[in-house]
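Source file start-v4.pdb; content: PDB, C-alpha atoms.
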```pdb
ATOM      1  CA  MET A   1     120.385 116.738 130.947
ATOM      2  CA  GLU A   2     122.526 117.073 127.821
ATOM      3  CA  PHE A   3     122.804 113.286 127.712
ATOM      4  CA  VAL A   4     118.994 113.045 127.626
ATOM      5  CA  VAL A   5     118.897 115.442 124.662
ATOM      6  CA  TYR A   6     121.387 113.298 122.761
ATOM      7  CA  ILE A   7     119.307 110.194 123.496
ATOM      8  CA  LEU A   8     116.210 111.965 122.144
ATOM      9  CA  LEU A   9     118.123 113.005 119.050
ATOM     10  CA  GLY A  10     119.212 109.416 118.531
ATOM     11  CA  LEU A  11     115.638 108.128 118.864
ATOM     12  CA  THR A  12     114.416 110.839 116.500
ATOM     13  CA  SER A  13     116.947 109.820 113.872
ATOM     14  CA  VAL A  14     115.956 106.147 114.145
ATOM     15  CA  VAL A  15     112.244 106.934 113.846
ATOM     16  CA  GLY A  16     112.838 109.272 110.920
ATOM     17  CA  LEU A  17     114.959 106.748 109.040
ATOM     18  CA  THR A  18     112.387 104.020 109.687
ATOM     19  CA  PHE A  19     109.541 106.034 108.211
ATOM     20  CA  ILE A  20     111.643 107.232 105.271
ATOM     21  CA  VAL A  21     112.403 103.633 104.292
ATOM     22  CA  GLU A  22     108.872 102.366 105.033
ATOM     23  CA  ARG A  23     107.163 105.098 102.960
ATOM     24  CA  GLY A  24     109.672 104.593 100.174
ATOM     25  CA  ILE A  25     108.623 100.945  99.938
ATOM     26  CA  ALA A  26     104.890 101.592 100.389
ATOM     27  CA  LEU A  27     104.680 104.416  97.834
ATOM     28  CA  ARG A  28     106.344 102.619  94.951
ATOM     29  CA  TRP A  29     104.440 103.419  91.768
ATOM     30  CA  GLY A  30     104.025  99.777  90.776
ATOM     31  CA  LYS A  31     102.745  98.875  94.234
ATOM     32  CA  VAL A  32     100.027 101.534  94.305
ATOM     33  CA  LEU A  33      99.197 101.479  90.574
ATOM     34  CA  PRO A  34     100.110  98.038  89.227
ATOM     35  CA  PRO A  35     100.608  98.180  85.440
ATOM     36  CA  GLU A  36      98.508  95.036  85.047
ATOM     37  CA  ILE A  37      95.482  96.827  86.497
ATOM     38  CA  GLU A  38      96.067  99.891  84.361
ATOM     39  CA  ALA A  39      96.120  97.674  81.264
ATOM     40  CA  ALA A  40      92.951  95.902  82.427
ATOM     41  CA  VAL A  41      91.161  99.237  82.861
ATOM     42  CA  GLU A  42      92.179 100.288  79.362
ATOM     43  CA  SER A  43      90.787  97.067  77.880
ATOM     44  CA  CYS A  44      87.555  97.040  79.942
ATOM     45  CA  GLU A  45      85.171  98.561  77.406
ATOM     46  CA  SER A  46      81.839  97.150  78.610
ATOM     47  CA  ARG A  47      80.225  95.426  81.565
ATOM     48  CA  THR A  48      80.815  92.004  80.034
ATOM     49  CA  GLU A  49      84.538  92.500  80.693
ATOM     50  CA  VAL A  50      84.172  93.671  84.300
ATOM     51  CA  ASN A  51      84.721  90.159  85.668
ATOM     52  CA  LEU A  52      88.113  90.034  83.968
ATOM     53  CA  LEU A  53      89.009  93.313  85.673
ATOM     54  CA  ARG A  54      87.879  91.912  89.025
ATOM     55  CA  GLY A  55      90.192  88.939  88.580
ATOM     56  CA  VAL A  56      93.181  91.170  87.866
ATOM     57  CA  CYS A  57      92.350  93.353  90.886
ATOM     58  CA  ARG A  58      92.164  90.322  93.188
ATOM     59  CA  LYS A  59      95.522  89.130  91.922
ATOM     60  CA  HIS A  60      97.249  92.503  92.397
ATOM     61  CA  ALA A  61      96.040  93.899  95.714
ATOM     62  CA  SER A  62      96.620  97.655  95.867
ATOM     63  CA  PRO A  63      94.795 100.933  96.584
ATOM     64  CA  LEU A  64      93.770 101.194  92.926
ATOM     65  CA  ALA A  65      92.487  97.613  92.983
ATOM     66  CA  ARG A  66      90.342  98.291  96.047
ATOM     67  CA  LEU A  67      88.817 101.388  94.440
ATOM     68  CA  LEU A  68      88.024  99.612  91.182
ATOM     69  CA  MET A  69      86.566  96.612  93.007
ATOM     70  CA  GLN A  70      84.210  98.867  94.919
ATOM     71  CA  ALA A  71      83.171 100.691  91.749
ATOM     72  CA  ALA A  72      82.633  97.397  89.908
ATOM     73  CA  ASP A  73      80.539  95.942  92.740
ATOM     74  CA  ARG A  74      78.182  98.942  92.648
ATOM     75  CA  LEU A  75      77.572  99.299  88.942
ATOM     76  CA  GLU A  76      73.871  98.653  89.537
ATOM     77  CA  TRP A  77      73.729 101.841  91.583
ATOM     78  CA  PRO A  78      72.969 105.168  89.887
ATOM     79  CA  GLN A  79      76.124 106.751  88.546
ATOM     80  CA  GLU A  80      76.033 109.703  90.942
ATOM     81  CA  GLU A  81      75.736 107.469  94.013
ATOM     82  CA  ASN A  82      78.529 105.214  92.809
ATOM     83  CA  VAL A  83      80.804 108.210  92.232
ATOM     84  CA  ASP A  84      80.053 109.644  95.684
ATOM     85  CA  ALA A  85      80.783 106.300  97.378
ATOM     86  CA  LEU A  86      83.986 105.957  95.373
ATOM     87  CA  GLN A  87      85.152 109.432  96.391
ATOM     88  CA  THR A  88      84.623 108.572 100.046
ATOM     89  CA  ARG A  89      86.669 105.388  99.675
ATOM     90  CA  ALA A  90      89.339 107.276  97.719
ATOM     91  CA  ARG A  91      89.805 109.731 100.597
ATOM     92  CA  HIS A  92      90.310 106.756 102.906
ATOM     93  CA  GLU A  93      92.950 105.310 100.582
ATOM     94  CA  ILE A  94      94.759 108.651 100.369
ATOM     95  CA  VAL A  95      94.881 108.843 104.162
ATOM     96  CA  ARG A  96      96.469 105.392 104.195
ATOM     97  CA  LEU A  97      99.060 106.513 101.654
ATOM     98  CA  GLU A  98      99.859 109.579 103.762
ATOM     99  CA  ARG A  99     100.335 107.518 106.908
ATOM    100  CA  GLY A 100     103.750 108.260 108.356
ATOM    101  CA  LEU A 101     104.215 111.578 106.578
ATOM    102  CA  VAL A 102     102.947 113.434 109.643
ATOM    103  CA  VAL A 103     105.712 111.779 111.675
ATOM    104  CA  LEU A 104     108.338 113.062 109.240
ATOM    105  CA  GLU A 105     106.768 116.511 109.430
ATOM    106  CA  ILE A 106     107.015 116.449 113.222
ATOM    107  CA  ILE A 107     110.643 115.322 113.079
ATOM    108  CA  VAL A 108     111.445 118.202 110.731
ATOM    109  CA  GLY A 109     110.200 120.565 113.429
ATOM    110  CA  ILE A 110     111.546 119.005 116.602
ATOM    111  CA  ALA A 111     115.002 117.782 115.538
ATOM    112  CA  PRO A 112     116.542 121.288 115.201
ATOM    113  CA  LEU A 113     114.803 122.340 118.409
ATOM    114  CA  LEU A 114     116.259 119.395 120.300
ATOM    115  CA  GLY A 115     119.691 120.286 118.937
ATOM    116  CA  LEU A 116     119.212 123.868 120.039
ATOM    117  CA  VAL A 117     118.149 122.757 123.519
ATOM    118  CA  GLY A 118     121.280 120.607 123.797
ATOM    119  CA  THR A 119     123.449 123.513 122.693
ATOM    120  CA  ILE A 120     121.884 125.923 125.186
ATOM    121  CA  LEU A 121     122.242 123.473 128.070
ATOM    122  CA  GLY A 122     125.856 122.823 127.143
ATOM    123  CA  MET A 123     126.634 126.514 126.900
ATOM    124  CA  MET A 124     125.041 127.132 130.284
ATOM    125  CA  THR A 125     127.166 124.416 131.810
ATOM    126  CA  ALA A 126     130.378 125.577 130.121
ATOM    127  CA  PHE A 127     130.021 129.202 131.084
ATOM    128  CA  GLY A 128     128.900 128.216 134.544
ATOM    129  CA  ASP A 129     132.175 126.356 134.999
ATOM    130  CA  VAL A 130     134.084 129.372 133.656
ATOM    131  CA  GLY A 131     132.415 131.606 136.225
ATOM    132  CA  GLN A 132     133.433 129.309 139.049
ATOM    133  CA  ALA A 133     137.046 128.919 137.888
ATOM    134  CA  ALA A 134     139.709 131.406 138.944
ATOM    135  CA  GLN A 135     141.240 131.504 135.465
ATOM    136  CA  ILE A 136     139.754 131.057 131.981
ATOM    137  CA  ASP A 137     141.321 128.320 129.869
ATOM    138  CA  ALA A 138     140.528 129.558 126.352
ATOM    139  CA  ALA A 139     141.566 126.303 124.684
ATOM    140  CA  LYS A 140     139.410 124.208 126.981
ATOM    141  CA  LEU A 141     136.488 126.591 126.576
ATOM    142  CA  ALA A 142     136.769 126.475 122.773
ATOM    143  CA  GLN A 143     136.885 122.693 122.846
ATOM    144  CA  GLY A 144     133.809 122.585 125.048
ATOM    145  CA  ILE A 145     131.877 124.946 122.802
ATOM    146  CA  SER A 146     132.835 122.840 119.779
ATOM    147  CA  LEU A 147     131.432 119.752 121.450
ATOM    148  CA  ILE A 148     128.295 121.623 122.474
ATOM    149  CA  LEU A 149     127.537 122.848 118.935
ATOM    150  CA  ARG A 150     127.456 119.265 117.752
ATOM    151  CA  ALA A 151     123.938 118.983 119.156
ATOM    152  CA  THR A 152     122.716 121.650 116.748
ATOM    153  CA  LEU A 153     124.557 119.996 113.868
ATOM    154  CA  ILE A 154     123.051 116.603 114.669
ATOM    155  CA  GLY A 155     119.585 118.115 114.851
ATOM    156  CA  LEU A 156     119.990 119.712 111.418
ATOM    157  CA  LEU A 157     121.401 116.516 109.920
ATOM    158  CA  ILE A 158     118.281 114.705 111.111
ATOM    159  CA  ALA A 159     115.836 117.395 109.984
ATOM    160  CA  ILE A 160     117.197 117.965 106.460
ATOM    161  CA  PRO A 161     116.735 114.379 105.134
ATOM    162  CA  SER A 162     113.339 114.204 106.833
ATOM    163  CA  LEU A 163     112.282 117.445 105.142
ATOM    164  CA  ILE A 164     113.429 116.187 101.735
ATOM    165  CA  ALA A 165     111.610 112.878 102.206
ATOM    166  CA  TRP A 166     108.434 114.555 103.462
ATOM    167  CA  SER A 167     108.318 116.956 100.507
ATOM    168  CA  TYR A 168     109.010 114.206  97.978
ATOM    169  CA  TYR A 169     106.505 111.728  99.405
ATOM    170  CA  SER A 170     103.793 114.384  99.746
ATOM    171  CA  LYS A 171     104.158 115.271  96.068
ATOM    172  CA  LYS A 172     104.208 111.604  95.112
ATOM    173  CA  VAL A 173     100.982 110.913  97.011
ATOM    174  CA  GLU A 174      99.383 113.811  95.159
ATOM    175  CA  MET A 175     100.498 112.381  91.807
ATOM    176  CA  LEU A 176      99.285 108.899  92.707
ATOM    177  CA  ALA A 177      95.907 110.307  93.770
ATOM    178  CA  VAL A 178      95.476 112.111  90.454
ATOM    179  CA  GLU A 179      96.353 108.985  88.497
ATOM    180  CA  MET A 180      93.945 106.820  90.512
ATOM    181  CA  GLU A 181      91.185 109.391  90.029
ATOM    182  CA  THR A 182      91.818 109.424  86.275
ATOM    183  CA  LEU A 183      91.682 105.634  85.948
ATOM    184  CA  CYS A 184      88.553 105.277  88.097
ATOM    185  CA  ASP A 185      86.803 108.071  86.205
ATOM    186  CA  GLU A 186      87.674 106.429  82.894
ATOM    187  CA  PHE A 187      86.336 103.083  84.120
ATOM    188  CA  LEU A 188      83.043 104.545  85.326
ATOM    189  CA  ARG A 189      82.457 106.618  82.192
ATOM    190  CA  ARG A 190      82.854 103.525  80.039
ATOM    191  CA  GLN A 191      80.464 101.486  82.162
ATOM    192  CA  TYR A 192      77.742 104.135  82.297
ATOM    193  CA  ARG A 193      78.078 105.659  78.842
ATOM    194  CA  GLU A 194      75.239 103.571  77.309
ATOM    195  CA  GLN A 195      72.706 104.354  80.028
ATOM    196  CA  PRO A 196      71.674 107.870  78.889
ATOM    197  CA  VAL A 197      70.944 106.486  75.411
ATOM    198  CA  LEU A 198      68.862 103.666  76.861
ATOM    199  CA  ARG A 199      66.907 106.043  79.084
ATOM    200  CA  HIS A 200      66.277 108.343  76.133
ATOM    201  CA  ALA A 201      65.083 105.439  74.018
ATOM    202  CA  SER A 202      62.768 104.217  76.785
ATOM    203  CA  ALA A 203      61.305 107.685  77.233
ATOM    204  CA  ALA A 204      60.758 108.064  73.508
ATOM    205  CA  THR A 205      58.945 104.721  73.394
ATOM    206  CA  ALA A 206      56.733 105.687  76.303
ATOM    207  CA  VAL A 207      55.806 109.079  74.872
ATOM    208  CA  SER A 208      55.302 108.184  71.195
ATOM    209  CA  PRO A 209      51.695 107.320  70.300
ATOM    210  CA  PRO A 210      50.829 103.833  69.076
ATOM    211  CA  ILE A 211      50.795 103.302  65.321
ATOM    212  CA  PRO A 212      47.203 102.827  64.113
ATOM    213  CA  SER A 213      46.316  99.495  62.610
ATOM    214  CA  ALA A 214      45.782  99.255  58.849
ATOM    215  CA  SER A 215      42.439  97.608  59.421
TER
END
```
In structure tokens, what does this structure look like?
Amino acid sequence: MEFVVYILLGLTSVVGLTFIVERGIALRWGKVLPPEIEAAVESCESRTEVNLLRGVCRKHASPLARLLMQAADRLEWPQEENVDALQTRARHEIVRLERGLVVLEIIVGIAPLLGLVGTILGMMTAFGDVGQAAQIDAAKLAQGISLILRATLIGLLIAIPSLIAWSYYSKKVEMLAVEMETLCDEFLRRQYREQPVLRHASAATAVSPPIPSAS
């Protein structure tokens, strides 16, 4: 039974290391928020420049690029509807960025527990053997307990790096989400900023009475 616990601890460590490395690669700042797209958003002042932004987004596929492409494709929609659709897509992108973090969170919880289970099973076995023996070999018992406590140590050594990685990646996803929201909001405000003026001008034209003819 103790052997099974050690196998589970080994599998847990492999899974944890895999997700730590995979999330580290996937959550690189330049991969989620390519600087080329950020520069394109800064230079996109009007709708005549939207096609240039689309080209940059197609060239640098990323969560930010997908959000901006959706916003650019729906500029004919009312601003409120475009913002609502973009928020829905943004939640989907955030879920994709958080993929794997739940696994690290689970490992943080189960690795120490598996180590504790291994320790308890080992202690039960060791003291069971002591009860059956006629004499107690203190040196052998101490050696056995030392080996048994390794399960707890291994569990903690697996859980601590997983906890650090989970905390760091969770904070990084939050920072990336805020930056994407800022860039998308800036893009939409620039594209819709002339519309209130146009609507006001149209309303004024419709309401104002016609100028009487000189004749």
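Here the PyMOL selection byres ((chain A and resi 2) around 7) catches exactly these residues: Met1, Phe3, Val4, Val5, Tyr6, Gly118, Leu121 and Gly122 of chain A.
Restricting the calculation to all atoms listed in the file, the smallest distance between Arg23 of chain A and any of A:Lys172, A:Arg74, A:His92, A:Arg54 is found for A:Lys172.
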Using only C-alpha atoms, the shortest atom-to-atom distance to Ala151 of chain A among A:Ile120, A:Ala40, A:Val178, A:Val173 belongs to A:Ile120
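What separates atom CA of Ala159 of chain A from atom CA of Ala111 of chain A is a distance of 5.6 Å.
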Of A:Arg28, A:Val83, A:Ile106, A:Cys44, the one nearest to Ala71 of chain A when counting all atoms listed in the file is A:Val83
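Compared by their closest atoms to Asn82 of chain A, and using all atoms listed in the file, the residues A:Leu8, A:Met123, A:Leu156, A:Leu188 rank with A:Leu188 nearest.
Counting only C-alpha atoms, the residue from A:Glu81, A:Glu179, A:Glu45, A:Glu76 that sits nearest to Val32 of chain A is A:Glu179.
Look at Leu104 of chain A: the protein and nucleic acid residues within 9 Å of it, using only C-alpha atoms and passing over chain neighbours fewer than 4 places away, are Val15, Gly16, Phe19, Ile20, Gly100, Val108, Gly109, Ala159, Ser162, Leu163, Ala165 and Trp166 of chain A.
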Write the selection just made, keeping C-alpha atoms, as a PDB file, in the coordinates of the input?
```pdb
ATOM      1  CA  VAL A  15     112.244 106.934 113.846  1.00  0.00           C
ATOM      2  CA  GLY A  16     112.838 109.272 110.920  1.00  0.00           C
ATOM      3  CA  PHE A  19     109.541 106.034 108.211  1.00  0.00           C
ATOM      4  CA  ILE A  20     111.643 107.232 105.271  1.00  0.00           C
ATOM      5  CA  GLY A 100     103.750 108.260 108.356  1.00  0.00           C
ATOM      6  CA  VAL A 108     111.445 118.202 110.731  1.00  0.00           C
ATOM      7  CA  GLY A 109     110.200 120.565 113.429  1.00  0.00           C
ATOM      8  CA  ALA A 159     115.836 117.395 109.984  1.00  0.00           C
ATOM      9  CA  SER A 162     113.339 114.204 106.833  1.00  0.00           C
ATOM     10  CA  LEU A 163     112.282 117.445 105.142  1.00  0.00           C
ATOM     11  CA  ALA A 165     111.610 112.878 102.206  1.00  0.00           C
ATOM     12  CA  TRP A 166     108.434 114.555 103.462  1.00  0.00           C
TER      13      TRP A 166
END
```
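Closest approach to Glu22 of chain A from the set A:Ser167, A:Glu174, A:Met180, A:Arg99 is made by A:Arg99, with distances taken over only C-alpha atoms.
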**Prompt:** Quick one: which residues end up in the PyMOL selection byres ((chain A and resi 86-90) around 10) for this structure, as JSON, numbers by chain?
**Reply:** {"A": [63, 64, 66, 67, 68, 69, 70, 71, 74, 80, 81, 82, 83, 84, 85, 91, 92, 93, 94, 95, 96, 177, 180, 181, 184, 185]}
Separating atom CA of Leu157 of chain A from atom CA of Val103 of chain A, to the nearest tenth of an Å, is a gap of 16.5 Å
In Å and to one decimal, atom CA of Gly24 of chain A is distant from atom CA of Ser170 of chain A by 11.4 Å
